[in-house]
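Okay, protein.txt is below, compact mmCIF, C-alpha atoms and all ligand atoms:
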```txt
# COMPACT_ATOMS: atom_id res chain seq x y z
CA MET A 7 0.00 0.00 0.00
CA SER A 8 1.16 3.56 -0.48
CA GLY A 9 -0.06 7.08 0.22
CA GLU A 10 1.56 10.46 -0.27
CA VAL A 11 0.94 11.60 3.28
CA VAL A 12 0.10 9.46 6.31
CA VAL A 13 -1.41 11.32 9.26
CA VAL A 14 -1.22 9.58 12.65
CA GLY A 15 -4.02 10.64 15.02
CA ALA A 16 -7.61 11.67 14.35
CA GLY A 17 -7.82 14.25 17.11
CA PRO A 18 -8.80 17.77 16.03
CA VAL A 19 -5.37 18.55 14.60
CA GLY A 20 -4.99 15.35 12.55
CA LEU A 21 -8.55 15.65 11.21
CA LEU A 22 -8.10 19.29 10.21
CA LEU A 23 -4.71 18.58 8.63
CA ALA A 24 -6.29 15.79 6.57
CA LEU A 25 -9.15 18.08 5.49
CA GLU A 26 -6.73 20.83 4.49
CA LEU A 27 -4.69 18.33 2.47
CA VAL A 28 -7.80 17.16 0.61
CA ARG A 29 -8.69 20.79 -0.08
CA ASP A 30 -5.22 21.20 -1.62
CA GLY A 31 -5.56 18.06 -3.73
CA VAL A 32 -3.64 15.56 -1.58
CA GLN A 33 -5.49 12.41 -0.46
CA PRO A 34 -4.03 11.39 2.96
CA VAL A 35 -4.25 8.14 4.90
CA VAL A 36 -5.41 8.81 8.48
CA LEU A 37 -4.59 6.28 11.22
CA GLU A 38 -6.34 6.39 14.60
CA ALA A 39 -5.65 3.99 17.46
CA LEU A 40 -9.08 4.34 19.11
CA PRO A 41 -11.81 2.17 17.57
CA GLN A 42 -14.43 4.83 18.48
CA PRO A 43 -14.19 8.59 19.07
CA SER A 44 -13.33 9.35 22.70
CA ASN A 45 -16.18 10.38 24.96
CA LEU A 46 -13.94 12.17 27.49
CA PRO A 47 -14.66 15.88 27.96
CA LYS A 48 -11.65 17.98 26.92
CA ALA A 49 -11.65 21.48 25.42
CA ASN A 50 -14.70 23.71 25.74
CA GLY A 51 -13.63 26.07 23.03
CA ILE A 52 -11.01 27.61 20.77
CA VAL A 53 -9.52 31.00 21.55
CA GLY A 54 -7.43 33.06 19.15
CA ARG A 55 -6.38 33.46 15.55
CA ALA A 56 -7.52 29.96 14.60
CA VAL A 57 -11.16 31.11 14.83
CA PRO A 58 -11.13 33.39 11.73
CA VAL A 59 -9.17 30.68 9.90
CA LEU A 60 -11.85 28.10 10.70
CA HIS A 61 -14.45 30.66 9.63
CA SER A 62 -12.71 30.99 6.25
CA ARG A 63 -13.26 27.23 5.82
CA GLY A 64 -16.99 27.53 6.62
CA LEU A 65 -16.47 25.81 9.96
CA TYR A 66 -17.50 28.66 12.28
CA ARG A 67 -21.03 28.61 10.94
CA ALA A 68 -21.16 24.80 10.88
CA LEU A 69 -20.07 24.66 14.53
CA THR A 70 -22.05 27.55 16.02
CA GLY A 71 -24.91 28.27 13.63
CA ARG A 72 -23.79 31.92 13.71
CA ARG A 73 -22.82 33.80 10.56
CA ARG A 74 -19.45 35.17 11.54
CA PRO A 75 -17.15 35.46 14.54
CA ARG A 76 -16.92 38.79 16.33
CA PRO A 77 -14.03 39.95 18.52
CA ALA A 78 -14.54 38.99 22.16
CA PRO A 79 -15.41 42.01 24.35
CA ARG A 80 -13.41 40.61 27.25
CA PHE A 81 -11.28 37.63 28.20
CA MET A 82 -9.26 36.48 31.18
CA TYR A 83 -5.52 36.65 31.66
CA GLY A 84 -3.66 35.79 34.87
CA GLY A 85 -6.81 36.21 36.94
CA PHE A 86 -7.67 39.61 35.43
CA ALA A 87 -10.86 40.30 33.47
CA VAL A 88 -9.33 42.04 30.44
CA ASP A 89 -11.68 44.54 28.79
CA LEU A 90 -10.81 44.29 25.08
CA ARG A 91 -13.41 46.78 23.84
CA ARG A 92 -10.88 49.61 24.12
CA LEU A 93 -8.78 48.12 21.30
CA ARG A 94 -9.40 49.15 17.72
CA ASP A 95 -8.24 45.90 16.06
CA ASN A 96 -9.08 43.45 18.78
CA PRO A 97 -7.46 40.14 17.69
CA VAL A 98 -9.24 37.92 20.26
CA TYR A 99 -11.89 35.60 18.85
CA VAL A 100 -13.61 32.76 20.68
CA LEU A 101 -15.34 29.71 19.26
CA PRO A 102 -17.27 28.01 22.06
CA VAL A 103 -17.45 24.37 21.02
CA PRO A 104 -16.89 21.12 22.91
CA GLN A 105 -13.89 19.27 21.47
CA ARG A 106 -16.02 16.16 20.78
CA ARG A 107 -18.33 18.17 18.55
CA LEU A 108 -15.41 19.81 16.74
CA GLU A 109 -13.95 16.37 16.05
CA ALA A 110 -17.33 14.99 14.91
CA VAL A 111 -17.88 17.83 12.42
CA LEU A 112 -14.31 17.56 11.05
CA ALA A 113 -14.68 13.76 10.72
CA GLU A 114 -18.01 14.16 8.88
CA ARG A 115 -16.44 16.60 6.42
CA LEU A 116 -13.51 14.31 5.88
CA ALA A 117 -15.80 11.36 5.22
CA SER A 118 -17.77 13.48 2.71
CA ALA A 119 -14.46 14.28 1.00
CA GLY A 120 -13.87 10.55 0.57
CA VAL A 121 -11.32 9.94 3.34
CA ALA A 122 -12.28 7.24 5.85
CA VAL A 123 -10.31 7.41 9.10
CA ARG A 124 -8.75 4.00 9.75
CA ARG A 125 -10.00 3.49 13.30
CA GLY A 126 -8.34 0.84 15.45
CA HIS A 127 -5.10 1.26 13.47
CA THR A 128 -2.17 2.06 15.76
CA PHE A 129 1.10 3.48 14.46
CA SER A 130 3.89 1.30 15.86
CA GLY A 131 7.12 2.17 14.07
CA LEU A 132 8.89 3.90 11.20
CA SER A 133 12.04 3.92 9.17
CA GLN A 134 12.88 6.54 6.59
CA ASP A 135 15.26 7.04 3.69
CA SER A 136 15.75 9.84 1.19
CA SER A 137 12.70 8.88 -0.87
CA GLY A 138 10.06 8.15 1.76
CA VAL A 139 8.93 6.68 5.07
CA ALA A 140 8.02 3.05 5.83
CA VAL A 141 5.34 2.95 8.51
CA THR A 142 4.34 -0.05 10.62
CA VAL A 143 0.73 -0.23 11.75
CA ASP A 144 -1.08 -2.59 14.14
CA GLY A 145 -4.56 -2.93 12.64
CA PRO A 146 -7.62 -4.95 13.70
CA SER A 147 -6.52 -7.79 11.38
CA GLY A 148 -2.86 -7.68 12.33
CA SER A 149 0.27 -5.76 11.52
CA TYR A 150 0.87 -4.18 8.10
CA SER A 151 3.17 -1.66 6.42
CA LEU A 152 2.59 1.54 4.48
CA ARG A 153 4.99 3.58 2.46
CA CYS A 154 4.49 7.33 2.13
CA ASP A 155 6.29 10.47 1.09
CA TYR A 156 5.68 12.16 4.44
CA LEU A 157 4.46 11.01 7.85
CA VAL A 158 2.83 13.51 10.23
CA GLY A 159 2.48 12.80 13.95
CA CYS A 160 -0.73 14.39 15.23
CA ASP A 161 -0.85 11.76 17.93
CA GLY A 162 -0.96 13.94 21.00
CA ALA A 163 1.32 14.73 23.91
CA HIS A 164 2.67 11.19 24.28
CA SER A 165 3.31 10.98 20.53
CA ALA A 166 4.71 7.61 19.44
CA VAL A 167 5.71 9.22 16.12
CA ARG A 168 7.83 11.83 17.92
CA LYS A 169 9.53 9.10 19.96
CA ALA A 170 10.10 6.83 16.94
CA ALA A 171 11.63 9.76 15.02
CA GLY A 172 14.02 10.35 17.93
CA ILE A 173 12.77 13.88 18.61
CA GLY A 174 13.18 15.05 22.20
CA PHE A 175 10.40 16.81 24.15
CA PRO A 176 12.13 19.03 26.69
CA GLY A 177 10.39 21.52 28.95
CA ALA A 178 9.46 22.45 32.46
CA VAL A 179 7.31 20.72 35.06
CA ASP A 180 5.78 22.76 37.85
CA ASP A 181 5.13 19.96 40.34
CA ALA A 182 4.02 22.23 43.18
CA VAL A 183 0.62 22.95 41.66
CA VAL A 184 -2.45 20.72 41.98
CA SER A 185 -5.45 21.38 39.80
CA ARG A 186 -8.87 19.86 40.52
CA SER A 187 -11.90 20.13 38.23
CA ALA A 188 -15.35 18.61 38.35
CA HIS A 189 -18.82 19.01 36.98
CA VAL A 190 -20.96 19.66 40.05
CA VAL A 191 -24.32 20.86 41.24
CA LEU A 192 -23.88 24.14 43.12
CA PRO A 193 -26.03 24.84 46.21
CA LYS A 194 -29.47 26.20 45.33
CA GLY A 195 -29.45 29.97 44.94
CA ALA A 196 -25.64 30.20 45.02
CA VAL A 197 -25.56 31.72 41.55
CA SER A 198 -27.46 34.97 41.14
CA SER A 199 -30.00 34.66 38.33
CA LEU A 200 -29.57 38.41 37.72
CA THR A 201 -25.77 38.75 37.53
CA ALA A 202 -24.72 35.09 37.00
CA ARG A 203 -22.19 35.64 39.81
CA LEU A 204 -21.54 33.09 42.53
CA ARG A 205 -22.28 34.23 46.05
CA ALA A 206 -19.54 32.86 48.28
CA PRO A 207 -17.09 34.25 50.84
CA GLY A 208 -14.68 36.71 49.23
CA GLY A 209 -17.07 37.03 46.25
CA PRO A 210 -19.36 37.49 44.46
CA TYR A 211 -17.35 35.67 41.78
CA ARG A 212 -17.83 36.17 38.04
CA PRO A 213 -18.04 33.05 35.87
CA TYR A 214 -15.37 32.15 33.24
CA LEU A 215 -12.63 33.88 35.25
CA PHE A 216 -9.82 32.61 37.45
CA HIS A 217 -10.02 34.24 40.91
CA ARG A 218 -6.92 34.40 43.10
CA THR A 219 -7.64 34.02 46.84
CA PRO A 220 -5.31 33.73 49.83
CA GLY A 221 -5.71 29.92 49.59
CA GLY A 222 -5.27 29.36 45.84
CA VAL A 223 -7.26 29.92 42.67
CA PHE A 224 -10.92 29.25 41.94
CA SER A 225 -13.10 29.36 38.83
CA PHE A 226 -16.56 28.29 37.80
CA ALA A 227 -18.26 28.21 34.43
CA ARG A 228 -21.27 26.69 32.73
CA PHE A 229 -21.09 25.41 29.16
CA PRO A 230 -24.21 24.40 27.19
CA GLY A 231 -25.61 20.97 27.97
CA ALA A 232 -23.48 20.38 31.08
CA PRO A 233 -23.55 21.10 34.82
CA HIS A 234 -21.34 23.79 36.37
CA LEU A 235 -17.62 23.18 35.93
CA VAL A 236 -15.68 24.15 39.05
CA THR A 237 -11.88 24.27 39.19
CA THR A 238 -9.37 24.97 41.94
CA LEU A 239 -5.60 25.39 41.85
CA GLU A 240 -3.55 24.91 44.99
CA TRP A 241 0.16 25.03 45.56
CA ASP A 242 0.50 21.87 47.61
CA ALA A 243 2.75 19.05 46.46
CA SER A 244 1.71 16.68 49.27
CA VAL A 245 -1.37 15.16 47.56
CA ASP A 246 -1.48 11.37 47.09
CA ASP A 247 -2.20 11.04 43.36
CA SER A 248 -2.89 7.30 43.62
CA VAL A 249 -6.20 7.99 45.42
CA PRO A 250 -9.14 8.40 42.97
CA MET A 251 -10.49 11.96 42.70
CA THR A 252 -13.95 12.66 44.16
CA VAL A 253 -16.36 15.60 44.34
CA GLY A 254 -15.76 15.49 48.11
CA GLU A 255 -12.06 16.17 47.47
CA LEU A 256 -12.99 19.17 45.32
CA ARG A 257 -15.30 20.42 48.09
CA ALA A 258 -12.45 20.17 50.62
CA SER A 259 -10.17 22.03 48.22
CA LEU A 260 -12.85 24.72 47.72
CA ALA A 261 -13.07 25.16 51.50
CA ARG A 262 -9.31 25.84 51.64
CA VAL A 263 -9.33 28.14 48.59
CA LEU A 264 -12.49 30.12 49.45
CA GLY A 265 -12.05 29.96 53.22
CA ALA A 266 -15.56 28.55 53.70
CA ASP A 267 -17.61 25.51 52.73
CA LEU A 268 -19.36 25.51 49.34
CA ALA A 269 -21.63 22.47 49.36
CA VAL A 270 -21.07 21.16 45.83
CA GLU A 271 -22.66 17.80 44.96
CA PRO A 272 -22.03 15.25 42.20
CA PRO A 273 -24.29 15.79 39.18
CA SER A 274 -26.99 13.32 38.25
CA GLY A 275 -27.38 11.90 34.73
CA THR A 276 -25.11 9.80 32.63
CA GLY A 277 -22.44 12.32 31.70
CA PRO A 278 -19.64 11.88 30.82
CA HIS A 279 -18.74 14.32 33.58
CA VAL A 280 -15.42 15.93 34.34
CA LEU A 281 -13.82 14.66 37.57
CA ARG A 282 -10.12 15.29 37.38
CA ARG A 283 -7.07 15.97 39.51
CA ALA A 284 -3.82 16.98 37.81
CA VAL A 285 -0.68 17.05 39.89
CA ALA A 286 2.02 19.11 38.13
CA ARG A 287 1.76 21.27 35.03
CA HIS A 288 3.83 20.48 31.97
CA SER A 289 5.14 22.93 29.38
CA ARG A 290 7.09 21.29 26.58
CA ILE A 291 8.10 21.94 22.97
CA ALA A 292 9.60 19.30 20.66
CA ASP A 293 13.31 19.74 19.90
CA SER A 294 12.30 19.95 16.25
CA TYR A 295 8.96 19.88 14.40
CA GLN A 296 10.64 17.91 11.63
CA ALA A 297 13.07 14.98 11.35
CA GLY A 298 13.61 14.31 7.65
CA ARG A 299 10.26 13.25 6.21
CA VAL A 300 8.57 13.03 9.61
CA LEU A 301 6.71 16.08 10.93
CA LEU A 302 4.79 16.92 14.09
CA ALA A 303 1.71 19.06 14.70
CA GLY A 304 -0.56 19.86 17.65
CA ASP A 305 0.07 18.42 21.10
CA ALA A 306 2.67 16.06 19.60
CA ALA A 307 4.81 19.18 19.09
CA HIS A 308 3.89 21.24 22.18
CA VAL A 309 1.97 20.97 25.41
CA VAL A 310 1.07 23.79 27.71
CA SER A 311 -1.03 23.69 30.88
CA GLY A 312 -2.43 26.97 29.76
CA ILE A 313 -5.14 28.99 31.39
CA GLY A 314 -7.62 30.11 28.76
CA GLY A 315 -7.20 27.19 26.36
CA PRO A 316 -4.28 27.92 24.04
CA GLY A 317 -3.69 24.31 22.88
CA LEU A 318 -6.22 23.98 20.09
CA ASN A 319 -5.46 27.41 18.66
CA LEU A 320 -1.80 26.49 18.24
CA GLY A 321 -2.54 23.02 16.86
CA ILE A 322 -5.10 24.26 14.31
CA LEU A 323 -2.68 26.87 13.01
CA ASP A 324 0.09 24.21 12.83
CA ALA A 325 -2.21 22.04 10.70
CA VAL A 326 -3.13 24.84 8.29
CA ASP A 327 0.50 25.95 7.84
CA LEU A 328 1.80 22.40 7.37
CA ALA A 329 -0.92 21.33 4.92
CA GLY A 330 -0.04 24.26 2.64
CA ARG A 331 3.61 23.24 2.64
CA LEU A 332 2.92 19.52 2.11
CA ALA A 333 0.68 20.34 -0.81
CA GLY A 334 3.51 22.24 -2.44
CA GLY A 335 2.78 25.76 -1.27
CA GLY A 336 5.98 26.44 0.66
CA PRO A 337 9.30 25.02 1.81
CA LEU A 338 8.85 22.20 4.34
CA ASP A 339 11.98 23.09 6.21
CA GLY A 340 10.44 26.48 7.05
CA TYR A 341 7.68 24.75 9.04
CA ASP A 342 9.63 24.43 12.28
CA GLN A 343 10.72 28.04 12.08
CA ALA A 344 7.20 29.27 11.30
CA ARG A 345 5.44 27.41 14.11
CA ARG A 346 8.02 27.15 16.92
CA GLY A 347 7.96 30.89 17.70
CA PRO A 348 4.20 31.04 18.38
CA ALA A 349 4.43 27.96 20.64
CA GLU A 350 7.32 29.51 22.59
CA LEU A 351 5.31 32.70 23.05
CA VAL A 352 2.27 30.76 24.28
CA LEU A 353 4.44 28.93 26.81
CA ALA A 354 5.91 32.24 28.00
CA HIS A 355 2.45 33.73 28.40
CA ALA A 356 1.23 30.67 30.32
CA ALA A 357 4.21 31.09 32.67
CA GLU A 358 3.36 34.77 33.12
CA GLN A 359 -0.23 33.89 33.97
CA SER A 360 0.88 31.26 36.49
CA ALA A 361 3.19 33.80 38.12
CA LEU A 362 0.31 36.31 38.37
CA LEU A 363 -1.93 33.68 39.98
CA GLY A 364 0.66 32.12 42.27
CA PRO A 365 0.76 32.25 46.07
CA GLY A 366 2.70 34.65 48.25
CA ALA A 367 2.57 38.30 49.23
CA GLU A 368 5.19 39.34 46.65
CA VAL A 369 2.75 38.41 43.85
CA GLU A 370 0.63 41.42 44.90
CA ALA A 371 3.34 43.80 43.70
CA ARG A 372 3.56 41.94 40.39
CA ARG A 373 -0.21 42.11 40.00
CA SER A 374 -0.28 45.85 40.72
CA SER A 375 2.32 46.56 38.08
CA PHE A 376 0.50 44.27 35.62
CA ALA A 377 -2.79 46.12 36.30
CA ALA A 378 -1.03 49.44 35.66
CA SER A 379 0.33 48.20 32.32
CA LEU A 380 -3.11 46.91 31.36
CA ALA A 381 -4.45 50.44 31.74
CA THR A 382 -2.20 51.60 28.88
CA GLU A 383 -3.03 50.94 25.23
CA ALA A 384 0.37 49.27 24.61
CA GLY A 385 -0.05 47.04 27.67
CA LEU A 386 -3.57 46.03 26.67
CA ARG A 387 -2.42 45.33 23.09
CA ARG A 388 0.39 43.09 24.34
CA VAL A 389 -2.02 41.06 26.47
CA ALA A 390 -4.62 40.85 23.67
CA GLU A 391 -1.92 39.51 21.30
CA ALA A 392 -0.91 37.00 23.99
CA ILE A 393 -4.50 35.75 24.33
CA ALA A 394 -4.89 35.58 20.53
CA GLY A 395 -1.86 33.26 20.51
CA GLY A 396 0.14 32.08 17.55
C1 LIG B 401 -9.26 18.58 30.30
C2 LIG B 401 -8.72 19.34 29.13
C3 LIG B 401 -9.30 20.55 28.79
C4 LIG B 401 -8.78 21.27 27.71
N1 LIG B 401 -9.38 22.45 27.39
C5 LIG B 401 -8.93 23.13 26.32
C6 LIG B 401 -9.60 24.31 25.87
O1 LIG B 401 -10.61 24.72 26.44
N2 LIG B 401 -9.13 24.93 24.77
C7 LIG B 401 -8.02 24.46 24.09
O2 LIG B 401 -7.61 25.07 23.11
N3 LIG B 401 -7.40 23.35 24.47
C8 LIG B 401 -7.83 22.66 25.55
N4 LIG B 401 -7.22 21.50 25.90
C9 LIG B 401 -6.10 21.02 25.10
C10 LIG B 401 -6.64 20.31 23.84
O3 LIG B 401 -7.55 19.30 24.24
C11 LIG B 401 -5.47 19.73 23.07
O4 LIG B 401 -4.60 20.79 22.73
C12 LIG B 401 -5.95 19.00 21.80
O5 LIG B 401 -6.61 17.80 22.13
C13 LIG B 401 -4.77 18.67 20.89
O6 LIG B 401 -5.25 18.02 19.76
P1 LIG B 401 -4.34 16.99 18.96
O7 LIG B 401 -5.16 16.57 17.80
O8 LIG B 401 -3.00 17.57 18.76
O9 LIG B 401 -4.09 15.77 19.97
P2 LIG B 401 -5.14 14.79 20.64
O10 LIG B 401 -6.45 15.45 20.83
O11 LIG B 401 -4.45 14.24 21.84
O12 LIG B 401 -5.36 13.65 19.56
C14 LIG B 401 -4.36 12.68 19.31
C15 LIG B 401 -5.02 11.48 18.65
O13 LIG B 401 -3.99 10.56 18.28
C16 LIG B 401 -4.40 9.25 18.59
N5 LIG B 401 -3.21 8.43 18.78
C17 LIG B 401 -2.30 8.46 19.79
N6 LIG B 401 -1.32 7.58 19.60
C18 LIG B 401 -1.59 6.97 18.42
C19 LIG B 401 -0.93 5.94 17.67
N7 LIG B 401 0.21 5.37 18.09
N8 LIG B 401 -1.49 5.54 16.50
C20 LIG B 401 -2.65 6.11 16.04
N9 LIG B 401 -3.30 7.08 16.72
C21 LIG B 401 -2.78 7.49 17.89
C22 LIG B 401 -5.20 9.43 19.88
O14 LIG B 401 -6.06 8.33 20.11
C23 LIG B 401 -5.94 10.72 19.60
O15 LIG B 401 -7.17 10.50 18.98
C24 LIG B 401 -7.69 20.76 26.98
C25 LIG B 401 -7.12 19.53 27.32
C26 LIG B 401 -7.63 18.82 28.38
C27 LIG B 401 -7.02 17.49 28.75
```
What is this file in structure tokens?
Amino acid sequence: MSGEVVVVGAGPVGLLLALELVRDGVQPVVLEALPQPSNLPKANGIVGRAVPVLHSRGLYRALTGRRRPRPAPRFMYGGFAVDLRRLRDNPVYVLPVPQRRLEAVLAERLASAGVAVRRGHTFSGLSQDSSGVAVTVDGPSGSYSLRCDYLVGCDGAHSAVRKAAGIGFPGAVDDAVVSRSAHVVLPKGAVSSLTARLRAPGGPYRPYLFHRTPGGVFSFARFPGAPHLVTTLEWDASVDDSVPMTVGELRASLARVLGADLAVEPPSGTGPHVLRRAVARHSRIADSYQAGRVLLAGDAAHVVSGIGGPGLNLGILDAVDLAGRLAGGGPLDGYDQARRGPAELVLAHAAEQSALLGPGAEVEARRSSFAASLATEAGLRRVAEAIAGG
């Protein structure tokens, strides 16, 4: 068997890359290890420059039913509600869509374009020479080989393609921070029906914002079709990560962060519901986005425990850039250079946000000087560009 381009991974980035290739006249082979699309809740939306790009492909309307994206009036950064209405060319766009739906719509389009994702087909190895790449795949009926001109790893943070190509994934791990998130039912009347703010000690708290308190960080939000999503961050490395996460654990964390009990309860219904504890935050970028005829895009090339969802924006823009080059529109060896810079900036901005949200009295001084810079047009522009990402 042969194919010009083999894409490993049918997450959002692999699916979009495949669609872009078809649009440019290249028929890819798409391999996906999972036999069925994953049901796990992940992203709730896309933030940044990828939104107008998706709109130019007709995807904004398909995903939201709305005609065109408009710049977001405000967004969060480092626990600040940033008012973007003061900017003339506000670059911040938001596409509120659950990742599962994004993947379903991309997969439907790909199927209509005549590309069937090979589900249950796991990439297991590669070897390359000057004329192409030999790919080994474990399929439902056994192992087989493919030969292609180029192989693209869109297989996520633990990318087997990246490892097989010998590309390192260096970065930083902040192992002092513990993040807990769950879908919950909030106490009756806790959220004002007038202002949508949560009444709790130290509040009222606005939704969709990270709030820094003396005990940590707290946020709550409600996305269509799901219960409230509550998140805490605490700087406490002593947690036993082998114990399964519970809503009770989140409630205990909320009591420490808010300084008072907020009686959250597990939601009813089938879900799937978020119930997650993450100990440590990883920020990594691949040593190179390219090793010969093997390329990386999306989380395979970069991960960031970003506040405000920068991952999909970066990955979507990787896919669009790379597809153009693979289809003959630009030099392939410029890909790393074109896409590494935006990922580095996103990682730097995530680190800035963590520093603004972190514990300790000295953070107050940093926050005051950040607030002062936000009051200037240049400062606001810098932060808006940071939110819009690469
Ligand atoms: C809880 C959570 C919330 C998030 N919220 C946001 C958000 O709001 N906004 C945002 O922008 N980002 C968010 N992110 C990040 C976002 O989900 C990722 O950036 C995004 O999934 C990256 O897409 P991808 O296609 O690169 O990789 P993935 O989505 O990880 O897809 C990789 C695919 O490759 C497949 N695969 C893996 N190995 C193999 C193999 N050997 N062979 C074949 N297939 C393989 C996997 O099964 C998977 O389908 C969130 C992430 C998490 C975990």
Could you build a table of the residues in segment 54-126 of chain A lying no more than 12 Å from segment 225-231 of chain A, giving for each the nearest pair of atoms and their separation in Å rounded to one decimal place, using all atoms listed in the file, ordered by chain and ascending residue number, as a tab-separated table?
```
residue	atom	partner	partner_atom	distance
A:Thr70	CA	A:Pro230	CA	11.8
A:Met82	CA	A:Ser225	CA	11.1
A:Gly85	CA	A:Ser225	CA	9.5
A:Pro102	CA	A:Phe229	CA	8.5
A:Val103	CA	A:Phe229	CA	9.0
A:Pro104	CA	A:Phe229	CA	8.7
```
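Between ligand LIG 401 (chain B) and the residues A:Leu65, A:Ala303, A:Ala232, A:Val123, the shortest atom-to-atom distance, using all atoms listed in the file, involves A:Ala303.
Taking atom N4 of ligand LIG 401 (chain B) as the reference point, atom CA of Arg283 of chain A is found at 14.7 Å.
Atom CA of Arg63 of chain A is positioned 23.0 Å from atom CA of Pro337 of chain A.
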A:Val57, A:Ala68, A:Gly131, A:Ser136: which is nearest Tyr150 of chain A, counting only C-alpha atoms? A:Gly131
Using all atoms listed in the file, list the residues that have an atom at most 12 Å from (-9.6, 31.3, 42.6), coordinates as in the file, as a PyMOL selection string. chain A and resi 84-86+185-186+206-226+236-241+259-265+362-365
Would you mind exporting C-alpha atoms of the selected residues as a PDB file, in the coordinates of the input?
```pdb
ATOM      1  CA  GLY A  84      -3.660  35.790  34.870  1.00  0.00           C
ATOM      2  CA  GLY A  85      -6.810  36.210  36.940  1.00  0.00           C
ATOM      3  CA  PHE A  86      -7.670  39.610  35.430  1.00  0.00           C
ATOM      4  CA  SER A 185      -5.450  21.380  39.800  1.00  0.00           C
ATOM      5  CA  ARG A 186      -8.870  19.860  40.520  1.00  0.00           C
ATOM      6  CA  ALA A 206     -19.540  32.860  48.280  1.00  0.00           C
ATOM      7  CA  PRO A 207     -17.090  34.250  50.840  1.00  0.00           C
ATOM      8  CA  GLY A 208     -14.680  36.710  49.230  1.00  0.00           C
ATOM      9  CA  GLY A 209     -17.070  37.030  46.250  1.00  0.00           C
ATOM     10  CA  PRO A 210     -19.360  37.490  44.460  1.00  0.00           C
ATOM     11  CA  TYR A 211     -17.350  35.670  41.780  1.00  0.00           C
ATOM     12  CA  ARG A 212     -17.830  36.170  38.040  1.00  0.00           C
ATOM     13  CA  PRO A 213     -18.040  33.050  35.870  1.00  0.00           C
ATOM     14  CA  TYR A 214     -15.370  32.150  33.240  1.00  0.00           C
ATOM     15  CA  LEU A 215     -12.630  33.880  35.250  1.00  0.00           C
ATOM     16  CA  PHE A 216      -9.820  32.610  37.450  1.00  0.00           C
ATOM     17  CA  HIS A 217     -10.020  34.240  40.910  1.00  0.00           C
ATOM     18  CA  ARG A 218      -6.920  34.400  43.100  1.00  0.00           C
ATOM     19  CA  THR A 219      -7.640  34.020  46.840  1.00  0.00           C
ATOM     20  CA  PRO A 220      -5.310  33.730  49.830  1.00  0.00           C
ATOM     21  CA  GLY A 221      -5.710  29.920  49.590  1.00  0.00           C
ATOM     22  CA  GLY A 222      -5.270  29.360  45.840  1.00  0.00           C
ATOM     23  CA  VAL A 223      -7.260  29.920  42.670  1.00  0.00           C
ATOM     24  CA  PHE A 224     -10.920  29.250  41.940  1.00  0.00           C
ATOM     25  CA  SER A 225     -13.100  29.360  38.830  1.00  0.00           C
ATOM     26  CA  PHE A 226     -16.560  28.290  37.800  1.00  0.00           C
ATOM     27  CA  VAL A 236     -15.680  24.150  39.050  1.00  0.00           C
ATOM     28  CA  THR A 237     -11.880  24.270  39.190  1.00  0.00           C
ATOM     29  CA  THR A 238      -9.370  24.970  41.940  1.00  0.00           C
ATOM     30  CA  LEU A 239      -5.600  25.390  41.850  1.00  0.00           C
ATOM     31  CA  GLU A 240      -3.550  24.910  44.990  1.00  0.00           C
ATOM     32  CA  TRP A 241       0.160  25.030  45.560  1.00  0.00           C
ATOM     33  CA  SER A 259     -10.170  22.030  48.220  1.00  0.00           C
ATOM     34  CA  LEU A 260     -12.850  24.720  47.720  1.00  0.00           C
ATOM     35  CA  ALA A 261     -13.070  25.160  51.500  1.00  0.00           C
ATOM     36  CA  ARG A 262      -9.310  25.840  51.640  1.00  0.00           C
ATOM     37  CA  VAL A 263      -9.330  28.140  48.590  1.00  0.00           C
ATOM     38  CA  LEU A 264     -12.490  30.120  49.450  1.00  0.00           C
ATOM     39  CA  GLY A 265     -12.050  29.960  53.220  1.00  0.00           C
ATOM     40  CA  LEU A 362       0.310  36.310  38.370  1.00  0.00           C
ATOM     41  CA  LEU A 363      -1.930  33.680  39.980  1.00  0.00           C
ATOM     42  CA  GLY A 364       0.660  32.120  42.270  1.00  0.00           C
ATOM     43  CA  PRO A 365       0.760  32.250  46.070  1.00  0.00           C
TER      44      PRO A 365
END
```
Expressed in Å, the length from atom CA of Ser149 of chain A to atom CA of Leu21 of chain A is 23.2 Å
Find, counting all atoms listed in the file, the residue in A:Arg373, A:Arg388, A:Arg29, A:His288 that gets nearest to ligand LIG 401 (chain B). A:His288
Centre and size of axis-aligned box enclosing ligand LIG 401 (chain B) plus 3 Å each side, as lines of an AutoDock Vina configuration file:
```
center_x = -5.2
center_y = 15.2
center_z = 23.2
size_x = 16.8
size_y = 25.7
size_z = 20.3
```
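Here the question is which of A:Leu332, A:Val100, A:Val309, A:Ala49 gets nearest to ligand LIG 401 (chain B) using only C-alpha atoms and all ligand atoms, and that residue is A:Ala49.
For the choices A:Leu353, A:Leu256, A:Leu204, A:Ala110, the atom-to-atom distance to Val280 of chain A is smallest for A:Leu256 when using all atoms listed in the file.
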Mind checking which residues fall within 9 Å of Leu116 of chain A, counting all atoms listed in the file, ignoring those fewer than 2 positions away in the same chain, and posting them as a ChimeraX atom specification? /A:21-22,24-25,28,111-114,118-123
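The shortest atom-to-atom distance to Pro58 of chain A, with all atoms listed in the file taken into account, belongs to A:Leu323 out of A:Val141, A:Val12, A:Leu323, A:Cys160.
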